[in-house]
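Pasting start-v9.txt here (compact mmCIF, C-alpha atoms):
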# COMPACT_ATOMS: atom_id res chain seq x y z
CA MET I 1 168.36 123.08 312.95
CA HIS I 2 167.88 121.50 309.54
CA VAL I 3 164.50 122.02 307.88
CA PRO I 4 163.21 118.89 306.09
CA ILE I 5 161.92 119.49 302.56
CA LEU I 6 159.30 117.03 301.31
CA LYS I 7 158.36 116.54 297.69
CA GLN I 8 154.61 116.36 297.06
CA GLY I 9 153.90 116.04 293.34
CA ASP I 10 154.89 119.30 291.66
CA TYR I 11 155.35 121.01 295.01
CA LEU I 12 157.92 121.15 297.76
CA ILE I 13 156.83 121.46 301.38
CA ALA I 14 159.30 122.83 303.93
CA THR I 15 157.91 122.57 307.44
CA ILE I 16 160.04 124.42 309.96
CA GLN I 17 160.34 122.12 313.01
CA SER I 18 161.78 124.45 315.62
CA VAL I 19 162.87 128.01 316.16
CA LEU I 20 165.51 128.91 313.57
CA SER I 21 168.63 131.03 313.77
CA ASP I 22 169.48 133.45 310.98
CA ALA I 23 172.03 130.98 309.60
CA ASP I 24 169.40 128.19 309.53
CA LEU I 25 167.12 130.43 307.47
CA LEU I 26 169.84 131.09 304.93
CA GLN I 27 170.48 127.33 304.74
CA LEU I 28 166.78 126.76 304.04
CA ARG I 29 166.94 129.35 301.26
CA ASP I 30 169.88 127.61 299.60
CA ASP I 31 168.33 124.13 300.02
CA LEU I 32 165.07 125.27 298.40
CA ALA I 33 166.87 126.87 295.47
CA ASP I 34 168.65 123.54 294.82
CA ARG I 35 165.60 121.30 295.26
CA VAL I 36 163.35 123.39 293.00
CA GLY I 37 165.81 122.68 290.20
CA GLN I 38 166.37 119.06 291.17
CA PHE I 39 162.65 118.17 291.28
CA ARG I 40 161.48 120.72 288.69
CA SER I 41 158.97 121.97 291.28
CA ARG I 42 156.27 124.48 290.37
CA GLY I 43 155.36 125.54 293.86
CA VAL I 44 156.86 125.74 297.35
CA ILE I 45 155.09 125.88 300.71
CA ILE I 46 157.05 127.15 303.70
CA ASP I 47 155.26 126.35 306.95
CA VAL I 48 156.36 128.82 309.65
CA THR I 49 153.80 127.79 312.29
CA VAL I 50 156.45 127.12 314.96
CA LEU I 51 158.37 130.38 314.50
CA ASP I 52 158.09 132.37 317.75
CA VAL I 53 159.09 135.66 316.18
CA ILE I 54 159.38 136.89 312.60
CA ASP I 55 161.35 140.11 312.80
CA SER I 56 163.30 142.01 310.17
CA PHE I 57 165.83 139.34 309.17
CA PRO I 58 163.41 136.42 308.68
CA THR I 59 161.04 138.74 306.81
CA ARG I 60 163.76 139.86 304.46
CA THR I 61 164.95 136.28 303.99
CA LEU I 62 161.48 134.86 303.29
CA ARG I 63 160.81 137.65 300.82
CA GLY I 64 164.15 136.94 299.16
CA VAL I 65 163.41 133.19 298.99
CA ALA I 66 160.04 133.80 297.33
CA HIS I 67 161.45 136.19 294.75
CA MET I 68 164.42 133.94 294.02
CA LEU I 69 162.25 130.83 293.60
CA ARG I 70 159.94 132.81 291.31
CA LEU I 71 162.95 133.41 289.08
CA ARG I 72 163.49 129.63 289.15
CA GLY I 73 159.90 129.13 287.96
CA ALA I 74 158.22 128.21 291.24
CA ASN I 75 155.53 130.02 293.25
CA THR I 76 156.05 130.28 297.00
CA VAL I 77 153.44 130.52 299.71
CA ILE I 78 154.21 131.14 303.39
CA VAL I 79 151.73 129.45 305.70
CA GLY I 80 151.09 129.39 309.43
CA ILE I 81 152.09 132.87 310.62
CA GLN I 82 150.65 132.97 314.15
CA PRO I 83 148.38 135.85 315.24
CA ASP I 84 150.85 137.27 317.80
CA VAL I 85 153.70 136.98 315.32
CA ALA I 86 151.64 138.81 312.69
CA PHE I 87 150.79 141.50 315.26
CA ALA I 88 154.46 142.10 316.07
CA MET I 89 155.31 142.16 312.34
CA VAL I 90 152.71 144.86 311.76
CA GLN I 91 154.10 146.89 314.67
CA LEU I 92 157.57 146.57 313.19
CA GLY I 93 156.21 147.83 309.87
CA LEU I 94 157.19 144.56 308.15
CA THR I 95 155.32 143.24 305.14
CA LEU I 96 155.64 140.21 302.89
CA GLU I 97 154.74 142.24 299.84
CA GLY I 98 154.73 140.22 296.65
CA VAL I 99 154.83 136.95 298.59
CA GLY I 100 151.88 134.58 298.80
CA THR I 101 150.56 133.87 302.29
CA ALA I 102 147.88 131.48 303.48
CA LEU I 103 146.42 130.44 306.81
CA ASP I 104 147.68 126.87 306.90
CA LEU I 105 149.00 123.98 304.79
CA GLU I 106 145.60 123.20 303.29
CA GLU I 107 145.04 126.79 302.19
CA GLY I 108 148.60 126.93 300.94
CA LEU I 109 147.99 123.95 298.65
CA ALA I 110 144.78 125.58 297.38
CA PHE I 111 146.75 128.78 296.75
CA LEU I 112 149.38 126.95 294.71
CA ASN I 113 146.77 124.94 292.80
CA ALA I 114 145.12 128.19 291.77
CA LYS I 115 148.44 129.85 290.95
CA THR I 116 149.90 127.06 288.88
CA LYS I 117 146.50 126.23 287.34
CA ARG I 118 147.12 122.53 287.56
CA ALA I 119 144.29 120.76 285.78
CA GLY I 120 143.90 118.30 288.64
CA GLY I 121 143.51 120.98 291.24
CA VAL I 122 141.04 123.05 289.27
CA VAL I 123 138.94 120.10 288.16
CA ALA I 124 138.77 118.85 291.73
CA ARG I 125 137.27 122.13 292.86
CA THR I 126 134.94 122.69 289.91
CA GLY I 127 133.62 119.15 290.05
CA GLY I 128 135.15 118.17 286.71
CA THR I 129 132.93 120.43 284.64
CA ALA I 130 133.52 121.88 281.18
CA PRO I 131 137.18 122.35 280.18
CA SER I 132 136.55 126.05 279.61
CA SER I 133 136.64 126.48 283.38
CA LEU I 134 140.26 125.36 283.33
CA SER I 135 141.49 128.55 281.75
CA LYS I 136 139.84 130.75 284.32
CA SER I 137 141.55 131.20 287.59
CA PRO I 138 138.96 130.18 290.16
CA PRO I 139 137.71 133.09 292.26
CA ASP I 140 137.69 130.72 295.18
CA ALA I 141 137.44 132.39 298.58
CA ARG I 142 139.98 129.90 299.92
CA THR I 143 142.72 131.28 297.73
CA ARG I 144 142.60 134.82 299.04
CA ARG I 145 145.98 136.00 300.10
CA GLY I 146 147.13 138.24 302.84
CA ASN I 147 143.74 139.80 303.52
CA ARG I 148 142.67 137.67 306.42
CA PRO I 149 141.79 139.55 309.60
CA LEU I 150 143.93 138.77 312.61
CA GLN I 151 142.22 136.50 315.09
CA MET S 1 162.23 152.78 339.09
CA SER S 2 163.90 149.82 340.71
CA THR S 3 164.72 146.31 339.72
CA PHE S 4 163.47 143.39 341.78
CA ASN S 5 164.74 140.17 340.35
CA GLU S 6 168.14 138.87 339.52
CA GLU S 7 169.50 140.03 336.22
CA ILE S 8 169.36 137.55 333.39
CA CYS S 9 172.45 138.13 331.33
CA VAL S 10 172.70 136.57 327.88
CA PRO S 11 176.04 136.89 326.09
CA ILE S 12 175.59 137.62 322.39
CA ARG S 13 178.35 136.25 320.16
CA SER S 14 176.53 134.68 317.21
CA ASP S 15 173.13 134.58 315.56
CA ALA S 16 172.18 131.52 317.65
CA ASP S 17 172.44 133.68 320.79
CA ILE S 18 169.75 136.00 319.38
CA VAL S 19 167.30 133.11 319.72
CA VAL S 20 168.42 132.36 323.30
CA ALA S 21 168.05 136.03 324.31
CA ARG S 22 164.53 136.39 322.95
CA GLN S 23 163.39 133.06 324.43
CA LYS S 24 164.64 134.09 327.88
CA GLY S 25 163.00 137.49 327.40
CA ARG S 26 159.69 135.88 326.50
CA ALA S 27 159.86 133.57 329.52
CA LEU S 28 160.59 136.48 331.86
CA ALA S 29 157.78 138.54 330.29
CA VAL S 30 155.27 135.74 330.92
CA GLN S 31 156.57 135.35 334.48
CA LEU S 32 156.09 139.10 335.05
CA GLY S 33 152.46 138.89 333.97
CA PHE S 34 152.56 140.04 330.35
CA SER S 35 149.81 138.41 328.32
CA GLY S 36 148.27 138.33 324.86
CA SER S 37 150.67 139.37 322.15
CA ASP S 38 152.98 141.26 324.56
CA PRO S 39 155.48 138.41 325.18
CA THR S 40 155.89 138.00 321.40
CA VAL S 41 156.25 141.76 320.91
CA ILE S 42 158.93 141.89 323.63
CA ALA S 43 160.72 138.88 322.08
CA ALA S 44 160.71 140.62 318.69
CA ALA S 45 162.21 143.79 320.18
CA ILE S 46 164.94 141.76 321.92
CA SER S 47 165.63 139.93 318.65
CA GLU S 48 166.18 143.23 316.82
CA VAL S 49 168.56 144.78 319.35
CA ALA S 50 170.47 141.48 319.73
CA ARG S 51 170.88 141.23 315.97
CA ASN S 52 172.17 144.77 315.97
CA ILE S 53 174.96 143.62 318.29
CA VAL S 54 175.86 140.63 316.07
CA ASN S 55 175.84 142.73 312.90
CA HIS S 56 177.73 145.76 314.12
CA ALA S 57 179.70 144.92 317.26
CA LYS S 58 180.28 141.17 316.82
CA GLN S 59 179.67 140.60 320.52
CA GLY S 60 177.95 142.06 323.53
CA GLU S 61 175.21 141.13 325.93
CA ILE S 62 171.51 141.41 326.63
CA VAL S 63 170.51 142.01 330.24
CA LEU S 64 166.90 141.31 331.22
CA THR S 65 165.34 142.46 334.48
CA GLY S 66 161.94 142.88 336.05
CA VAL S 67 161.32 146.48 337.09
CA HIS S 68 158.70 148.32 339.09
CA GLU S 69 157.84 151.97 339.28
CA SER S 70 155.13 153.17 341.69
CA SER S 71 152.54 150.42 341.31
CA ARG S 72 153.33 149.13 337.84
CA LEU S 73 155.45 146.18 336.79
CA GLY S 74 157.51 145.91 333.70
CA ILE S 75 160.47 144.40 331.91
CA GLN S 76 163.73 146.14 331.17
CA VAL S 77 165.98 145.08 328.33
CA VAL S 78 169.51 146.44 328.09
CA ALA S 79 171.60 145.65 325.01
CA ARG S 80 175.21 146.65 325.38
CA ASP S 81 178.34 146.16 323.36
CA GLU S 82 181.82 147.53 323.05
CA GLY S 83 181.65 147.77 319.31
CA PRO S 84 182.51 150.67 317.01
CA GLY S 85 179.61 152.84 318.21
CA ILE S 86 177.09 154.74 316.10
CA ALA S 87 178.26 158.05 314.59
CA ASN S 88 174.82 159.42 313.82
CA ILE S 89 172.13 158.11 316.15
CA GLU S 90 169.40 160.22 314.58
CA GLN S 91 170.13 158.59 311.24
CA ALA S 92 170.34 155.10 312.76
CA MET S 93 166.89 155.63 314.29
CA GLN S 94 165.32 156.54 310.94
CA TYR S 95 163.04 153.80 309.67
CA GLY S 96 164.50 152.32 306.52
CA TYR S 97 167.98 153.74 307.02
CA SER S 98 170.56 150.96 306.88
CA SER S 99 174.31 151.00 307.06
CA GLY S 100 174.23 148.07 304.66
CA LYS S 101 173.63 144.90 306.65
CA GLY S 102 169.91 144.99 307.30
CA MET S 103 166.62 146.51 306.33
CA GLY S 104 167.00 149.56 308.55
CA VAL S 105 164.09 148.33 310.63
CA GLY S 106 165.80 146.98 313.74
CA LEU S 107 166.34 149.92 316.09
CA PRO S 108 163.33 152.06 315.11
CA GLY S 109 161.21 148.88 315.07
CA ALA S 110 162.29 147.95 318.59
CA LYS S 111 161.39 151.46 319.73
CA TRP S 112 157.87 151.07 318.36
CA LEU S 113 157.43 147.73 320.09
CA MET S 114 158.43 148.93 323.56
CA ASP S 115 157.06 151.70 325.84
CA ALA S 116 160.39 153.41 326.50
CA PHE S 117 163.58 153.37 324.46
CA ASP S 118 166.90 155.05 325.02
CA ILE S 119 170.10 154.71 323.04
CA LYS S 120 173.55 155.95 323.95
CA SER S 121 176.60 155.43 321.84
CA GLN S 122 180.19 156.56 321.81
CA ILE S 123 182.47 156.14 318.84
CA GLY S 124 185.09 153.52 319.62
CA LYS S 125 183.51 152.72 323.00
CA GLY S 126 180.26 150.99 322.18
CA THR S 127 176.51 151.26 322.27
CA ARG S 128 173.90 150.80 324.98
CA VAL S 129 170.21 150.46 324.27
CA THR S 130 167.85 150.52 327.26
CA MET S 131 164.17 149.79 326.79
CA GLN S 132 161.16 149.08 328.99
CA LYS S 133 157.66 147.83 328.57
CA TRP S 134 154.98 147.88 331.25
CA VAL S 135 152.36 145.27 332.04
CA ARG S 136 148.99 146.63 330.96

Would it be possible to restate this file's structure as structure tokens?
Amino acid sequence: MHVPILKQGDYLIATIQSVLSDADLLQLRDDLADRVGQFRSRGVIIDVTVLDVIDSFPTRTLRGVAHMLRLRGANTVIVGIQPDVAFAMVQLGLTLEGVGTALDLEEGLAFLNAKTKRAGGVVARTGGTAPSSLSKSPPDARTRRGNRPLQ
Amino acid sequence: MSTFNEEICVPIRSDADIVVARQKGRALAVQLGFSGSDPTVIAAAISEVARNIVNHAKQGEIVLTGVHESSRLGIQVVARDEGPGIANIEQAMQYGYSSGKGMGVGLPGAKWLMDAFDIKSQIGKGTRVTMQKWVR
């Protein structure tokens, strides 16, 4: 099952549409590596909301994608890991160490805005105040990563 | 312990079959009365043992059955193949030990996810993993 990749400004958004096989995941990895170069993207959101299970192979692949895209100059954030899926990952001892995670698409965009320090994103959240606030990374509660309690 | 429904047998020949096996396992788990995160946990365990077949034996099968023992109900998952077998099971069951293809999480991870886990392997004959989880 092919995963569509949408361009949204400086970001790419890959929303997984159905359960993926291991081969589909590797295809997504390769597609993202190409597109990040093609569109000179600064950030990538991978929406995994529909994934029924994230076991060892998807975890390793997602971690690999994030580290590879970082080397290509883009930040990656994984969004939409479901509570049961997260629970099984914890039981399997799997982590997404070094990879950004956020609750949903909206939080993922906020995460990337904070990470890439895009003027637009920061100004929007600080109400267009003094430029000095641009250099600070906003300690916005919405950009926390990976420390959300399971529901 | 006895089985009470027809066996669901899923042939495993490629990575796409891993998805089929875990979806059938999840459906059976729900049918048996598993709730909360249990169907997902069972699906994850099936995914790991099915991937083990694809990676090491090329092909095999996953057999899913409902089981009961005294008054409790559960699911049994058997993963069997006629692959090369595992020389050192103790090593294969160590978390983080990998023969090169994975993270070394699959078999020990599946054991953590289920209530009972048994593995038998013979060099040149194949491997059989049997695991159960009970409805809480």

(request) Do a neighbour search on Ile119 in chain S at 10 Å with only C-alpha atoms, toss out local chain neighbours closer than 2 positions, and write the hits as a list in words. (result) Val78, Ala79, Arg80, Ile86, Ile89, Met93, Leu107, Lys111, Phe117, Ser121, Thr127, Arg128, Val129, Thr130 and Met131 of chain S

Same residues, C-alpha atoms, saved as a PDB file, keeping the file's coordinate frame:
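Generated file (part.pdb):
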ATOM      1  CA  VAL S  78     169.510 146.440 328.090  1.00  0.00           C
ATOM      2  CA  ALA S  79     171.600 145.650 325.010  1.00  0.00           C
ATOM      3  CA  ARG S  80     175.210 146.650 325.380  1.00  0.00           C
ATOM      4  CA  ILE S  86     177.090 154.740 316.100  1.00  0.00           C
ATOM      5  CA  ILE S  89     172.130 158.110 316.150  1.00  0.00           C
ATOM      6  CA  MET S  93     166.890 155.630 314.290  1.00  0.00           C
ATOM      7  CA  LEU S 107     166.340 149.920 316.090  1.00  0.00           C
ATOM      8  CA  LYS S 111     161.390 151.460 319.730  1.00  0.00           C
ATOM      9  CA  PHE S 117     163.580 153.370 324.460  1.00  0.00           C
ATOM     10  CA  SER S 121     176.600 155.430 321.840  1.00  0.00           C
ATOM     11  CA  THR S 127     176.510 151.260 322.270  1.00  0.00           C
ATOM     12  CA  ARG S 128     173.900 150.800 324.980  1.00  0.00           C
ATOM     13  CA  VAL S 129     170.210 150.460 324.270  1.00  0.00           C
ATOM     14  CA  THR S 130     167.850 150.520 327.260  1.00  0.00           C
ATOM     15  CA  MET S 131     164.170 149.790 326.790  1.00  0.00           C
TER      16      MET S 131
END

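Any residue of chain S with an atom within 8 Å of chain I counts; using only C-alpha atoms, that gives Asp15, Ala16, Ile18, Val19, Gly36, Ser37, Thr40, Val41, Ala43, Ala44, Ser47, Glu48, Gly102, Met103, Val105, Gly106, Gly109, Ala110, Trp112 and Leu113 of chain S.
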
(request) Tell me, as a PyMOL selection string, which residues lie within 6 Å of Gly43 in chain I, counting only C-alpha atoms; anything in the same chain fewer than 5 positions away does not count. (result) chain I and resi 11+74-76

(request) Identify, on the basis of only C-alpha atoms, every residue whose closest approach to Arg42 in chain I does not exceed 10 Å; exclude the query and any residue fewer than 6 positions from it along the same chain; express the result as a PyMOL selection string. (result) chain I and resi 9-12+36+69-70+72-76+112-113+115-116+118

With C-alpha atoms kept, could you save the residues just selected as an mmCIF file, in the frame of the given file?
data_model
loop_
_atom_site.group_PDB
_atom_site.id
_atom_site.type_symbol
_atom_site.label_atom_id
_atom_site.label_comp_id
_atom_site.auth_asym_id
_atom_site.auth_seq_id
_atom_site.Cartn_x
_atom_site.Cartn_y
_atom_site.Cartn_z
ATOM 1 C CA GLY I 9 153.900 116.040 293.340
ATOM 2 C CA ASP I 10 154.890 119.300 291.660
ATOM 3 C CA TYR I 11 155.350 121.010 295.010
ATOM 4 C CA LEU I 12 157.920 121.150 297.760
ATOM 5 C CA VAL I 36 163.350 123.390 293.000
ATOM 6 C CA LEU I 69 162.250 130.830 293.600
ATOM 7 C CA ARG I 70 159.940 132.810 291.310
ATOM 8 C CA ARG I 72 163.490 129.630 289.150
ATOM 9 C CA GLY I 73 159.900 129.130 287.960
ATOM 10 C CA ALA I 74 158.220 128.210 291.240
ATOM 11 C CA ASN I 75 155.530 130.020 293.250
ATOM 12 C CA THR I 76 156.050 130.280 297.000
ATOM 13 C CA LEU I 112 149.380 126.950 294.710
ATOM 14 C CA ASN I 113 146.770 124.940 292.800
ATOM 15 C CA LYS I 115 148.440 129.850 290.950
ATOM 16 C CA THR I 116 149.900 127.060 288.880
ATOM 17 C CA ARG I 118 147.120 122.530 287.560
#

(request) Counting all atoms listed in the file, figure out which residue out of S:Gly104, S:Gly85, S:Gly66, S:Gly74 gets nearest to Thr3 in chain S. (result)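 Closest residue, counting all atoms listed in the file: S:Gly66.
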
How would range 82-93 of chain S of the given structure read as a file with N, CA and C atoms, as a CSV table (one decimal), in the first residue's frame?
chain,number,residue,atom,x,y,z
S,82,GLU,N,9.8,-25.2,8.8
S,82,GLU,CA,10.7,-26.3,8.6
S,82,GLU,C,12.0,-25.7,8.1
S,83,GLY,N,12.4,-24.6,8.8
S,83,GLY,CA,13.6,-23.9,8.4
S,83,GLY,C,14.8,-24.5,9.0
S,84,PRO,N,15.9,-23.8,9.1
S,84,PRO,CA,17.2,-24.3,9.5
S,84,PRO,C,17.3,-24.7,11.0
S,85,GLY,N,16.3,-24.2,11.8
S,85,GLY,CA,16.4,-24.4,13.2
S,85,GLY,C,17.3,-23.5,13.9
S,86,ILE,N,17.2,-23.5,15.3
S,86,ILE,CA,18.0,-22.5,16.1
S,86,ILE,C,19.0,-23.4,16.9
S,87,ALA,N,20.3,-23.1,16.7
S,87,ALA,CA,21.3,-23.8,17.3
S,87,ALA,C,21.3,-23.6,18.8
S,88,ASN,N,21.2,-22.3,19.2
S,88,ASN,CA,21.3,-22.0,20.6
S,88,ASN,C,20.1,-21.2,21.0
S,89,ILE,N,19.1,-21.9,21.6
S,89,ILE,CA,17.8,-21.3,21.9
S,89,ILE,C,18.0,-20.3,23.0
S,90,GLU,N,18.8,-20.6,24.0
S,90,GLU,CA,19.1,-19.7,25.1
S,90,GLU,C,19.6,-18.3,24.6
S,91,GLN,N,20.5,-18.4,23.6
S,91,GLN,CA,21.0,-17.2,23.1
S,91,GLN,C,19.9,-16.4,22.3
S,92,ALA,N,19.1,-17.2,21.5
S,92,ALA,CA,18.1,-16.6,20.7
S,92,ALA,C,17.0,-15.9,21.6
S,93,MET,N,16.9,-16.4,22.8
S,93,MET,CA,15.9,-15.8,23.7
S,93,MET,C,16.4,-14.7,24.5
